[in-house]
>>> print(open('my_file30.csv').read())   # CSV, C-alpha atoms and all ligand atoms
chain,number,residue,atom,x,y,z
A,1,ALA,CA,-22.1,9.2,22.0
A,2,LEU,CA,-21.0,5.8,23.4
A,3,ALA,CA,-24.4,4.4,22.9
A,4,ILE,CA,-24.3,5.3,19.2
A,5,TRP,CA,-20.8,3.9,18.9
A,6,HIS,CA,-22.1,0.7,20.5
A,7,GLN,CA,-24.8,0.5,17.8
A,8,LEU,CA,-22.3,1.0,15.0
A,9,THR,CA,-19.9,-1.6,16.3
A,10,LYS,CA,-22.4,-4.1,17.4
A,11,TYR,CA,-24.9,-4.1,14.6
A,12,GLU,CA,-23.5,-2.2,11.7
A,13,ILE,CA,-19.7,-2.8,11.5
A,14,SER,CA,-18.9,-5.4,14.2
A,15,GLU,CA,-15.4,-5.8,12.8
A,16,LEU,CA,-14.5,-2.5,14.5
A,17,ALA,CA,-15.0,-4.1,17.9
A,18,LYS,CA,-12.2,-6.7,17.3
A,19,PRO,CA,-9.4,-6.5,19.9
A,20,THR,CA,-6.9,-6.0,17.0
A,21,VAL,CA,-8.5,-2.6,16.2
A,22,SER,CA,-7.2,0.6,17.9
A,23,ILE,CA,-9.0,3.9,17.4
A,24,ARG,CA,-7.9,7.3,18.8
A,25,GLU,CA,-11.2,9.2,18.3
A,26,ARG,CA,-14.2,7.0,18.0
A,27,GLY,CA,-16.5,10.0,17.5
A,28,ARG,CA,-14.6,11.3,14.6
A,29,VAL,CA,-14.3,7.8,12.9
A,30,GLU,CA,-18.0,7.3,13.4
A,31,GLU,CA,-18.9,10.6,11.9
A,32,ILE,CA,-16.6,10.0,8.8
A,33,ILE,CA,-18.1,6.6,8.3
A,34,ARG,CA,-21.7,7.8,8.6
A,35,ASN,CA,-20.9,10.7,6.2
A,36,MET,CA,-19.5,8.2,3.7
A,37,HIS,CA,-22.5,6.0,4.1
A,38,ARG,CA,-24.9,8.9,3.5
A,39,ALA,CA,-23.0,10.0,0.4
A,40,GLY,CA,-22.8,6.4,-1.0
A,41,PRO,CA,-20.4,4.7,-3.3
A,42,GLY,CA,-20.6,7.4,-6.0
A,43,ALA,CA,-18.8,9.8,-3.8
A,44,LEU,CA,-16.1,7.3,-2.7
A,45,GLN,CA,-12.6,6.5,-3.9
A,46,VAL,CA,-10.0,4.2,-2.4
A,47,ILE,CA,-6.3,5.0,-2.3
A,48,SER,CA,-4.1,2.2,-1.1
A,49,ASP,CA,-0.4,1.4,-0.6
A,50,PHE,CA,0.6,-2.1,-2.0
A,51,ASP,CA,3.5,-3.8,-0.2
A,52,MET,CA,2.5,-5.0,3.2
A,53,THR,CA,-0.9,-3.3,2.9
A,54,LEU,CA,-2.7,-5.1,0.1
A,55,THR,CA,-0.1,-7.9,0.4
A,56,ARG,CA,0.5,-9.9,3.6
A,57,PHE,CA,3.3,-9.1,6.0
A,58,ALA,CA,3.6,-12.8,7.0
A,59,HIS,CA,1.9,-16.1,6.5
A,60,ASN,CA,2.3,-19.0,8.9
A,61,GLY,CA,5.1,-17.1,10.6
A,62,VAL,CA,7.1,-16.5,7.5
A,63,ARG,CA,7.6,-13.1,6.0
A,64,CYS,CA,6.0,-12.5,2.6
A,65,PRO,CA,7.9,-10.7,-0.1
A,66,THR,CA,7.6,-7.1,-1.3
A,67,THR,CA,7.6,-6.4,-5.1
A,68,HIS,CA,11.3,-5.7,-4.9
A,69,ASN,CA,11.8,-9.0,-2.9
A,70,ILE,CA,9.9,-11.0,-5.5
A,71,LEU,CA,12.7,-10.0,-8.0
A,72,HIS,CA,15.3,-10.5,-5.3
A,73,ASN,CA,14.1,-14.1,-4.7
A,74,SER,CA,13.7,-14.9,-8.4
A,75,THR,CA,16.0,-16.7,-10.9
A,76,LEU,CA,16.2,-13.4,-12.9
A,77,ILE,CA,19.0,-12.0,-10.8
A,78,SER,CA,22.5,-13.2,-10.1
A,79,GLU,CA,23.8,-14.5,-6.7
A,80,ASP,CA,26.1,-11.5,-6.5
A,81,CYS,CA,23.1,-9.1,-6.9
A,82,LYS,CA,21.1,-11.1,-4.3
A,83,THR,CA,23.8,-10.6,-1.8
A,84,LYS,CA,24.1,-6.9,-2.5
A,85,MET,CA,20.3,-6.5,-2.3
A,86,ALA,CA,20.1,-8.4,1.0
A,87,ASN,CA,22.8,-6.1,2.4
A,88,LEU,CA,20.8,-3.1,1.4
A,89,LEU,CA,17.7,-4.5,3.0
A,90,SER,CA,19.4,-5.2,6.3
A,91,THR,CA,21.0,-1.7,6.3
A,92,TYR,CA,18.0,0.4,5.3
A,93,TYR,CA,14.8,-1.4,6.3
A,94,PRO,CA,15.6,-0.9,10.0
A,95,ILE,CA,16.0,2.8,9.2
A,96,GLU,CA,12.7,2.9,7.3
A,97,ILE,CA,10.8,1.7,10.4
A,98,ASP,CA,13.0,3.4,13.1
A,99,ASP,CA,10.6,5.4,15.3
A,100,SER,CA,13.5,7.4,16.9
A,101,MET,CA,14.4,9.0,13.5
A,102,SER,CA,12.5,11.9,11.9
A,103,VAL,CA,11.3,11.7,8.3
A,104,GLU,CA,13.8,14.5,7.4
A,105,GLU,CA,16.6,12.3,8.6
A,106,LYS,CA,15.3,9.3,6.7
A,107,LEU,CA,14.7,11.0,3.4
A,108,PRO,CA,18.2,11.0,1.9
A,109,LEU,CA,18.8,7.4,3.2
A,110,MET,CA,15.6,6.2,1.5
A,111,VAL,CA,16.7,7.8,-1.8
A,112,GLU,CA,20.0,6.1,-1.4
A,113,TRP,CA,18.4,2.7,-0.8
A,114,TRP,CA,16.0,2.9,-3.8
A,115,THR,CA,18.7,4.3,-6.1
A,116,CYS,CA,21.2,1.5,-5.2
A,117,ALA,CA,18.5,-1.2,-5.5
A,118,HIS,CA,17.3,0.1,-8.9
A,119,ASP,CA,20.9,0.4,-10.2
A,120,LEU,CA,21.5,-3.2,-9.2
A,121,LEU,CA,18.3,-4.4,-10.8
A,122,VAL,CA,19.0,-2.5,-14.1
A,123,LYS,CA,22.4,-4.3,-14.3
A,124,GLN,CA,20.6,-7.6,-14.3
A,125,LYS,CA,19.2,-7.1,-17.9
A,126,ILE,CA,15.7,-8.3,-16.7
A,127,LYS,CA,13.4,-9.2,-19.5
A,128,LYS,CA,9.7,-8.0,-19.5
A,129,ASP,CA,8.4,-11.4,-20.6
A,130,GLU,CA,10.1,-13.1,-17.6
A,131,LEU,CA,8.3,-11.1,-14.9
A,132,ALA,CA,5.1,-13.1,-15.0
A,133,GLN,CA,6.9,-16.3,-14.2
A,134,ALA,CA,8.9,-14.7,-11.4
A,135,VAL,CA,5.6,-13.7,-9.8
A,136,ARG,CA,4.0,-17.1,-10.3
A,137,GLU,CA,7.0,-18.8,-8.6
A,138,SER,CA,7.0,-16.3,-5.7
A,139,ASP,CA,5.4,-16.5,-2.3
A,140,ALA,CA,3.6,-13.2,-2.8
A,141,MET,CA,0.2,-13.2,-1.2
A,142,LEU,CA,-2.6,-10.7,-1.1
A,143,ARG,CA,-4.3,-10.3,2.2
A,144,GLU,CA,-7.2,-12.6,3.2
A,145,GLY,CA,-10.4,-11.1,1.8
A,146,TYR,CA,-8.7,-9.5,-1.2
A,147,ASP,CA,-11.2,-11.1,-3.6
A,148,VAL,CA,-14.2,-9.4,-1.7
A,149,PHE,CA,-12.2,-6.1,-1.6
A,150,PHE,CA,-11.5,-5.9,-5.3
A,151,HIS,CA,-14.9,-7.3,-6.3
A,152,THR,CA,-16.8,-4.8,-4.1
A,153,LEU,CA,-14.9,-1.9,-5.6
A,154,LYS,CA,-15.4,-3.2,-9.1
A,155,GLN,CA,-19.1,-3.9,-8.6
A,156,HIS,CA,-19.8,-0.4,-7.3
A,157,LEU,CA,-17.5,1.3,-9.9
A,158,ILE,CA,-15.4,2.8,-7.0
A,159,PRO,CA,-11.9,3.8,-8.3
A,160,LEU,CA,-9.0,2.1,-6.6
A,161,LEU,CA,-5.7,4.0,-6.9
A,162,ILE,CA,-2.7,1.8,-5.8
A,163,PHE,CA,0.1,4.1,-4.8
A,164,SER,CA,3.3,2.1,-4.4
A,165,ALA,CA,7.0,2.7,-3.9
A,166,GLY,CA,7.5,-0.9,-5.1
A,167,VAL,CA,8.1,-2.1,-8.7
A,168,GLY,CA,5.0,-1.3,-10.8
A,169,ASP,CA,5.5,-4.0,-13.3
A,170,ILE,CA,5.7,-6.7,-10.6
A,171,LEU,CA,2.8,-5.2,-8.7
A,172,GLU,CA,0.6,-5.4,-11.9
A,173,GLU,CA,1.7,-9.0,-12.4
A,174,VAL,CA,0.7,-9.9,-8.8
A,175,ILE,CA,-2.9,-8.4,-9.2
A,176,ARG,CA,-3.2,-9.9,-12.7
A,177,HIS,CA,-2.1,-13.3,-11.5
A,178,ASN,CA,-4.8,-13.1,-8.7
A,179,GLY,CA,-7.4,-12.1,-11.3
A,180,VAL,CA,-8.2,-8.8,-9.7
A,181,PHE,CA,-6.7,-6.2,-12.1
A,182,HIS,CA,-10.1,-4.8,-12.9
A,183,PRO,CA,-10.8,-1.7,-15.1
A,184,ASN,CA,-11.4,0.5,-12.0
A,185,VAL,CA,-7.8,-0.1,-10.8
A,186,ARG,CA,-5.0,2.6,-11.4
A,187,VAL,CA,-1.4,2.3,-10.3
A,188,ILE,CA,1.2,4.9,-9.5
A,189,SER,CA,4.6,3.2,-8.9
A,190,ASN,CA,8.2,2.8,-10.1
A,191,TYR,CA,8.0,1.3,-13.6
A,192,MET,CA,10.8,-0.3,-15.5
A,193,ASP,CA,11.8,1.2,-18.8
A,194,PHE,CA,12.3,-1.6,-21.4
A,195,ASP,CA,14.3,-1.2,-24.6
A,196,GLU,CA,13.1,-2.5,-28.0
A,197,ARG,CA,14.3,-6.0,-27.1
A,198,GLY,CA,12.2,-5.9,-24.0
A,199,VAL,CA,15.2,-5.6,-21.6
A,200,CYS,CA,15.0,-3.3,-18.6
A,201,GLN,CA,17.5,-0.5,-19.0
A,202,ALA,CA,16.3,2.0,-16.4
A,203,PHE,CA,13.4,3.0,-14.2
A,204,LYS,CA,10.9,5.6,-15.6
A,205,GLY,CA,10.1,9.0,-14.2
A,206,GLN,CA,10.4,10.4,-10.7
A,207,LEU,CA,11.5,7.8,-8.1
A,208,ILE,CA,8.9,7.0,-5.5
A,209,HIS,CA,10.1,5.9,-2.1
A,210,THR,CA,8.3,5.4,1.2
A,211,PHE,CA,8.5,9.1,2.3
A,212,ASN,CA,7.9,11.1,-0.9
A,213,LYS,CA,4.4,9.9,-1.8
A,214,ARG,CA,3.1,13.4,-1.2
A,215,GLU,CA,5.3,14.7,-4.0
A,216,GLY,CA,4.4,11.7,-6.1
A,217,ALA,CA,0.7,12.6,-5.6
A,218,MET,CA,1.4,16.2,-6.8
A,219,LEU,CA,3.4,15.1,-9.9
A,220,ASN,CA,0.7,12.6,-10.9
A,221,HIS,CA,-2.1,15.1,-10.9
A,222,ASP,CA,-3.5,13.6,-14.1
A,223,GLN,CA,-4.2,10.4,-12.3
A,224,PHE,CA,-5.9,12.3,-9.6
A,225,ARG,CA,-8.0,14.6,-11.9
A,226,GLU,CA,-10.5,11.9,-12.7
A,227,LEU,CA,-10.9,11.4,-9.0
A,228,GLN,CA,-11.7,15.0,-8.1
A,229,ASP,CA,-15.5,14.5,-8.1
A,230,ARG,CA,-15.2,11.9,-5.3
A,231,PRO,CA,-14.7,13.8,-2.1
A,232,ASN,CA,-14.7,10.7,0.2
A,233,VAL,CA,-11.4,8.8,0.5
A,234,LEU,CA,-10.7,5.5,2.2
A,235,LEU,CA,-6.9,5.4,2.6
A,236,LEU,CA,-5.0,2.2,3.4
A,237,GLY,CA,-1.3,2.0,4.3
A,238,ASP,CA,1.3,0.4,6.5
A,239,SER,CA,3.8,3.2,6.7
A,240,LEU,CA,3.6,6.7,8.2
A,241,GLY,CA,4.7,7.8,4.7
A,242,ASP,CA,1.4,6.5,3.3
A,243,LEU,CA,-0.6,9.1,5.3
A,244,THR,CA,-0.1,11.7,2.5
A,245,MET,CA,-1.2,9.6,-0.4
A,246,ALA,CA,-4.5,11.4,-0.6
A,247,ASP,CA,-3.0,14.9,-0.8
A,248,GLY,CA,-3.6,15.0,-4.5
A,249,VAL,CA,-7.3,15.0,-3.9
A,250,THR,CA,-7.9,18.7,-3.6
A,251,ASN,CA,-11.5,18.8,-2.6
A,252,ALA,CA,-11.5,15.9,-0.1
A,253,GLN,CA,-14.3,16.1,2.4
A,254,ASN,CA,-14.1,12.9,4.5
A,255,VAL,CA,-10.8,11.0,4.6
A,256,LEU,CA,-10.6,7.8,6.7
A,257,ARG,CA,-7.0,6.5,7.1
A,258,ILE,CA,-6.5,2.9,8.1
A,259,GLY,CA,-3.0,1.8,9.0
A,260,TYR,CA,-1.6,-1.8,9.3
A,261,LEU,CA,0.9,-1.9,12.1
A,262,ASN,CA,2.9,-4.9,11.0
A,263,ASP,CA,6.3,-4.7,12.5
A,264,LYS,CA,7.9,-3.2,15.7
A,265,VAL,CA,4.4,-3.1,17.1
A,266,GLU,CA,5.2,-2.0,20.7
A,267,ASP,CA,7.6,0.8,19.6
A,268,ARG,CA,5.4,2.2,17.0
A,269,ARG,CA,1.9,1.8,18.4
A,270,GLU,CA,1.7,5.3,19.8
A,271,ALA,CA,2.8,7.0,16.6
A,272,TYR,CA,0.4,4.9,14.5
A,273,VAL,CA,-2.6,5.4,16.8
A,274,SER,CA,-2.0,9.2,16.8
A,275,SER,CA,-1.6,9.4,13.0
A,276,PHE,CA,-4.0,6.9,11.5
A,277,ASP,CA,-7.8,7.0,12.3
A,278,ILE,CA,-7.9,3.2,12.6
A,279,VAL,CA,-4.9,1.0,13.4
A,280,LEU,CA,-4.9,-2.8,12.7
A,281,GLU,CA,-2.5,-5.0,14.6
A,282,LYS,CA,-1.7,-8.6,13.9
A,283,ASP,CA,-4.3,-8.6,11.2
A,284,GLU,CA,-3.4,-10.3,7.9
A,285,SER,CA,-6.9,-9.7,6.4
A,286,LEU,CA,-8.8,-7.0,4.7
A,287,ASP,CA,-11.9,-7.7,6.9
A,288,VAL,CA,-12.1,-4.2,8.5
A,289,PRO,CA,-11.8,-2.3,5.2
A,290,ASN,CA,-14.2,-4.8,3.7
A,291,ALA,CA,-16.8,-4.3,6.5
A,292,ILE,CA,-16.6,-0.5,6.1
A,293,LEU,CA,-17.0,-0.8,2.4
A,294,THR,CA,-20.0,-3.0,2.8
A,295,TYR,CA,-21.6,-0.5,5.1
A,296,ILE,CA,-20.9,2.4,2.7
A,297,THR,CA,-22.1,0.7,-0.5
B,1,LIG,P1,5.1,0.1,-0.9
B,1,LIG,O1,5.0,1.6,-1.1
B,1,LIG,O2,4.2,-0.6,-2.0
B,1,LIG,O3,4.8,-0.3,0.5
B,1,LIG,O4,6.6,-0.4,-1.3
B,1,LIG,C1,7.7,0.0,-0.5
B,1,LIG,C2,8.3,-1.1,0.3
B,1,LIG,O5,9.3,-1.7,-0.5
B,1,LIG,C3,9.0,-0.5,1.5
B,1,LIG,O6,8.3,-0.8,2.7
B,1,LIG,C4,10.4,-1.1,1.5
B,1,LIG,C5,10.3,-2.2,0.4
B,1,LIG,N1,11.6,-2.4,-0.3
B,1,LIG,C6,12.1,-3.6,-0.4
B,1,LIG,O7,11.6,-4.6,0.2
B,1,LIG,N2,13.3,-3.9,-1.0
B,1,LIG,C7,14.0,-2.9,-1.7
B,1,LIG,O8,15.0,-3.1,-2.3
B,1,LIG,C8,13.4,-1.5,-1.7
B,1,LIG,C9,14.1,-0.4,-2.4
B,1,LIG,C10,12.2,-1.3,-1.0
B,2,MG,MG,3.9,-0.6,2.2
>>> encode(input="my_file30.csv", output="structure tokens", more="lines below")
Ligand code: TMP
Ligand code: MG
Amino acid sequence: ALAIWHQLTKYEISELAKPTVSIRERGRVEEIIRNMHRAGPGALQVISDFDMTLTRFAHNGVRCPTTHNILHNSTLISEDCKTKMANLLSTYYPIEIDDSMSVEEKLPLMVEWWTCAHDLLVKQKIKKDELAQAVRESDAMLREGYDVFFHTLKQHLIPLLIFSAGVGDILEEVIRHNGVFHPNVRVISNYMDFDERGVCQAFKGQLIHTFNKREGAMLNHDQFRELQDRPNVLLLGDSLGDLTMADGVTNAQNVLRIGYLNDKVEDRREAYVSSFDIVLEKDESLDVPNAILTYIT
């Protein structure tokens, strides 16, 4: 088995041999990738988280903003709102990534965080036609290799479902601004509800936070229906909550879960390596997913 693994990582997908890659079960990963290769691009779909998965965690040592933080840093919200959102972030983000707490303990706190943040944002009377400028002026950055990633999926007509607990309107602006909002891209996220003057007055539909993506997948079964004939799923995430994003695909055969371990690396390595098939540390690029996609397509 090791000899075959050697062949895969030396000649076929050399990116898997990088020291930043951790894999719990090489044999399983190899089998999934070979099955996906055999079935080809027509059987594949990609389901990805957005913030800190398709976007960078940091660049030149400085943290990059999430979709919420793009709004937070923009001129669209007041100083008072900025202070309150910063307080929420410093209270709840440590909880989100705390490896000593269970998901059950975190759930009500995440609902609290998102509800408070959205209430604050709604009070700011944000206008739809001002979002593009906020994104243009932000430090948001997609991961290195994003152009190859989006282009490969478009070229092979592979559906990409972006499943995000961020702000959908901002997310769409980020991918549009980078020229990669192709027709094969679908988004499930928290969308703003604008009144007839184009002012945000609420958020639409069921709230999506980091740890209820499974319910989100079940509620959005229409989005998943068109994907049911693609049994192979490449899943990308940066949170343990992202692991359930493919649960809406009822006839999945091969699911390969890739996790970016961005923060609190030492504390969380064990949990990540035992939950994701492939774990990427200190990697701000999409090189590994791109190499796997190239091999499959
Ligand atoms: P994701 O599902 O696209 O990764 O988006 C969720 C991230 O958004 C999550 O990691 C926490 C982050 N977040 C903020 O940065 N600020 C906020 O106000 C809220 C509610 C979430
Ligand atoms: Mg994320």
>>> closest_residue(input="my_file30.csv", among="A:Leu293, A:Lys282, A:Ser90, A:Ser275", to="Ile23 of chain A", atoms="all atoms listed in the file")
A:Ser275
>>> residues_near_ligand(input="my_file30.csv", ligand="ligand LIG 1 (chain B)", cutoff="6 Å", atoms="only C-alpha atoms and all ligand atoms", output="list of chain:residue names")
A:Asp49, A:Phe50, A:Asp51, A:Met52, A:Thr66, A:His68, A:Asn69, A:Leu89, A:Trp113, A:Trp114, A:Ala117, A:Ser164, A:Ala165, A:Gly166, A:Thr210
>>> residues_near_ligand(input="my_file30.csv", ligand="ligand MG 2 (chain B)", cutoff="12 Å", atoms="all atoms listed in the file", output="VMD selection string")
chain A and resid 48 to 57 65 to 68 93 96 to 97 162 to 167 171 189 208 to 211 213 236 to 243 245 259 to 263
>>> closest_residue(input="my_file30.csv", among="A:Ser274, A:Asn87, A:Ser138, A:Asn232", to="Leu256 of chain A", atoms="only C-alpha atoms")
A:Asn232
>>> closest_residue(input="my_file30.csv", among="A:Met141, A:Leu109, A:Leu227, A:Ala3", to="Leu160 of chain A", atoms="all atoms listed in the file")
A:Leu227
>>> build_atoms(input="my_file30.csv", residues="segment 235-270 of chain A", atoms="N, CA and C atoms", output="mmCIF file, in the frame of the given file")
data_model
loop_
_atom_site.group_PDB
_atom_site.id
_atom_site.type_symbol
_atom_site.label_atom_id
_atom_site.label_comp_id
_atom_site.auth_asym_id
_atom_site.auth_seq_id
_atom_site.Cartn_x
_atom_site.Cartn_y
_atom_site.Cartn_z
ATOM 1 N N LEU A 235 -8.333 5.507 2.783
ATOM 2 C CA LEU A 235 -6.900 5.400 2.600
ATOM 3 C C LEU A 235 -6.360 4.189 3.364
ATOM 4 N N LEU A 236 -5.571 3.328 2.703
ATOM 5 C CA LEU A 236 -5.000 2.200 3.400
ATOM 6 C C LEU A 236 -3.472 2.216 3.253
ATOM 7 N N GLY A 237 -2.769 2.026 4.377
ATOM 8 C CA GLY A 237 -1.300 2.000 4.300
ATOM 9 C C GLY A 237 -0.699 1.226 5.436
ATOM 10 N N ASP A 238 0.623 1.048 5.371
ATOM 11 C CA ASP A 238 1.300 0.400 6.500
ATOM 12 C C ASP A 238 2.492 1.190 6.969
ATOM 13 N N SER A 239 2.714 2.355 6.341
ATOM 14 C CA SER A 239 3.800 3.200 6.700
ATOM 15 C C SER A 239 3.313 4.587 7.022
ATOM 16 N N LEU A 240 3.997 5.313 7.923
ATOM 17 C CA LEU A 240 3.600 6.700 8.200
ATOM 18 C C LEU A 240 3.714 7.533 6.922
ATOM 19 N N GLY A 241 4.585 7.104 6.005
ATOM 20 C CA GLY A 241 4.700 7.800 4.700
ATOM 21 C C GLY A 241 3.487 7.670 3.842
ATOM 22 N N ASP A 242 2.638 6.695 4.138
ATOM 23 C CA ASP A 242 1.400 6.500 3.300
ATOM 24 C C ASP A 242 0.321 7.498 3.679
ATOM 25 N N LEU A 243 0.480 8.201 4.802
ATOM 26 C CA LEU A 243 -0.600 9.100 5.300
ATOM 27 C C LEU A 243 -0.864 10.242 4.283
ATOM 28 N N THR A 244 0.120 10.598 3.454
ATOM 29 C CA THR A 244 -0.100 11.700 2.500
ATOM 30 C C THR A 244 -0.516 11.328 1.150
ATOM 31 N N MET A 245 -0.839 10.051 0.976
ATOM 32 C CA MET A 245 -1.200 9.600 -0.400
ATOM 33 C C MET A 245 -2.420 10.246 -0.962
ATOM 34 N N ALA A 246 -3.299 10.781 -0.113
ATOM 35 C CA ALA A 246 -4.500 11.400 -0.600
ATOM 36 C C ALA A 246 -4.371 12.896 -0.840
ATOM 37 N N ASP A 247 -3.150 13.419 -0.666
ATOM 38 C CA ASP A 247 -3.000 14.900 -0.800
ATOM 39 C C ASP A 247 -3.212 15.411 -2.171
ATOM 40 N N GLY A 248 -3.253 14.526 -3.169
ATOM 41 C CA GLY A 248 -3.600 15.000 -4.500
ATOM 42 C C GLY A 248 -5.051 15.210 -4.753
ATOM 43 N N VAL A 249 -5.877 14.777 -3.808
ATOM 44 C CA VAL A 249 -7.300 15.000 -3.900
ATOM 45 C C VAL A 249 -7.611 16.356 -3.276
ATOM 46 N N THR A 250 -7.838 17.370 -4.115
ATOM 47 C CA THR A 250 -7.900 18.700 -3.600
ATOM 48 C C THR A 250 -9.166 19.075 -2.855
ATOM 49 N N ASN A 251 -10.266 18.433 -3.251
ATOM 50 C CA ASN A 251 -11.500 18.800 -2.600
ATOM 51 C C ASN A 251 -12.048 17.686 -1.667
ATOM 52 N N ALA A 252 -11.110 16.990 -1.019
ATOM 53 C CA ALA A 252 -11.500 15.900 -0.100
ATOM 54 C C ALA A 252 -12.378 16.415 1.012
ATOM 55 N N GLN A 253 -13.433 15.674 1.322
ATOM 56 C CA GLN A 253 -14.300 16.100 2.400
ATOM 57 C C GLN A 253 -14.136 15.138 3.648
ATOM 58 N N ASN A 254 -14.226 13.834 3.380
ATOM 59 C CA ASN A 254 -14.100 12.900 4.500
ATOM 60 C C ASN A 254 -12.947 11.898 4.082
ATOM 61 N N VAL A 255 -11.880 11.895 4.863
ATOM 62 C CA VAL A 255 -10.800 11.000 4.600
ATOM 63 C C VAL A 255 -10.603 10.061 5.810
ATOM 64 N N LEU A 256 -10.736 8.764 5.573
ATOM 65 C CA LEU A 256 -10.600 7.800 6.700
ATOM 66 C C LEU A 256 -9.276 7.030 6.394
ATOM 67 N N ARG A 257 -8.316 7.156 7.325
ATOM 68 C CA ARG A 257 -7.000 6.500 7.100
ATOM 69 C C ARG A 257 -6.876 5.286 7.992
ATOM 70 N N ILE A 258 -6.677 4.157 7.338
ATOM 71 C CA ILE A 258 -6.500 2.900 8.100
ATOM 72 C C ILE A 258 -5.065 2.445 7.921
ATOM 73 N N GLY A 259 -4.420 2.141 9.051
ATOM 74 C CA GLY A 259 -3.000 1.800 9.000
ATOM 75 C C GLY A 259 -2.780 0.355 9.548
ATOM 76 N N TYR A 260 -2.052 -0.446 8.789
ATOM 77 C CA TYR A 260 -1.600 -1.800 9.300
ATOM 78 C C TYR A 260 -0.306 -1.588 10.022
ATOM 79 N N LEU A 261 -0.327 -1.947 11.281
ATOM 80 C CA LEU A 261 0.900 -1.900 12.100
ATOM 81 C C LEU A 261 1.462 -3.314 12.113
ATOM 82 N N ASN A 262 2.436 -3.556 11.215
ATOM 83 C CA ASN A 262 2.900 -4.900 11.000
ATOM 84 C C ASN A 262 4.105 -5.295 11.857
ATOM 85 N N ASP A 263 5.028 -4.351 12.005
ATOM 86 C CA ASP A 263 6.300 -4.700 12.500
ATOM 87 C C ASP A 263 6.687 -3.688 13.658
ATOM 88 N N LYS A 264 7.553 -4.088 14.602
ATOM 89 C CA LYS A 264 7.900 -3.200 15.700
ATOM 90 C C LYS A 264 6.686 -2.616 16.373
ATOM 91 N N VAL A 265 5.743 -3.482 16.666
ATOM 92 C CA VAL A 265 4.400 -3.100 17.100
ATOM 93 C C VAL A 265 4.434 -2.224 18.363
ATOM 94 N N GLU A 266 5.175 -2.692 19.376
ATOM 95 C CA GLU A 266 5.200 -2.000 20.700
ATOM 96 C C GLU A 266 5.782 -0.575 20.500
ATOM 97 N N ASP A 267 6.919 -0.494 19.781
ATOM 98 C CA ASP A 267 7.600 0.800 19.600
ATOM 99 C C ASP A 267 6.800 1.799 18.834
ATOM 100 N N ARG A 268 6.023 1.306 17.887
ATOM 101 C CA ARG A 268 5.400 2.200 17.000
ATOM 102 C C ARG A 268 3.908 2.466 17.211
ATOM 103 N N ARG A 269 3.335 1.749 18.178
ATOM 104 C CA ARG A 269 1.900 1.800 18.400
ATOM 105 C C ARG A 269 1.393 3.273 18.585
ATOM 106 N N GLU A 270 2.121 3.978 19.460
ATOM 107 C CA GLU A 270 1.700 5.300 19.800
ATOM 108 C C GLU A 270 1.661 6.233 18.555
#
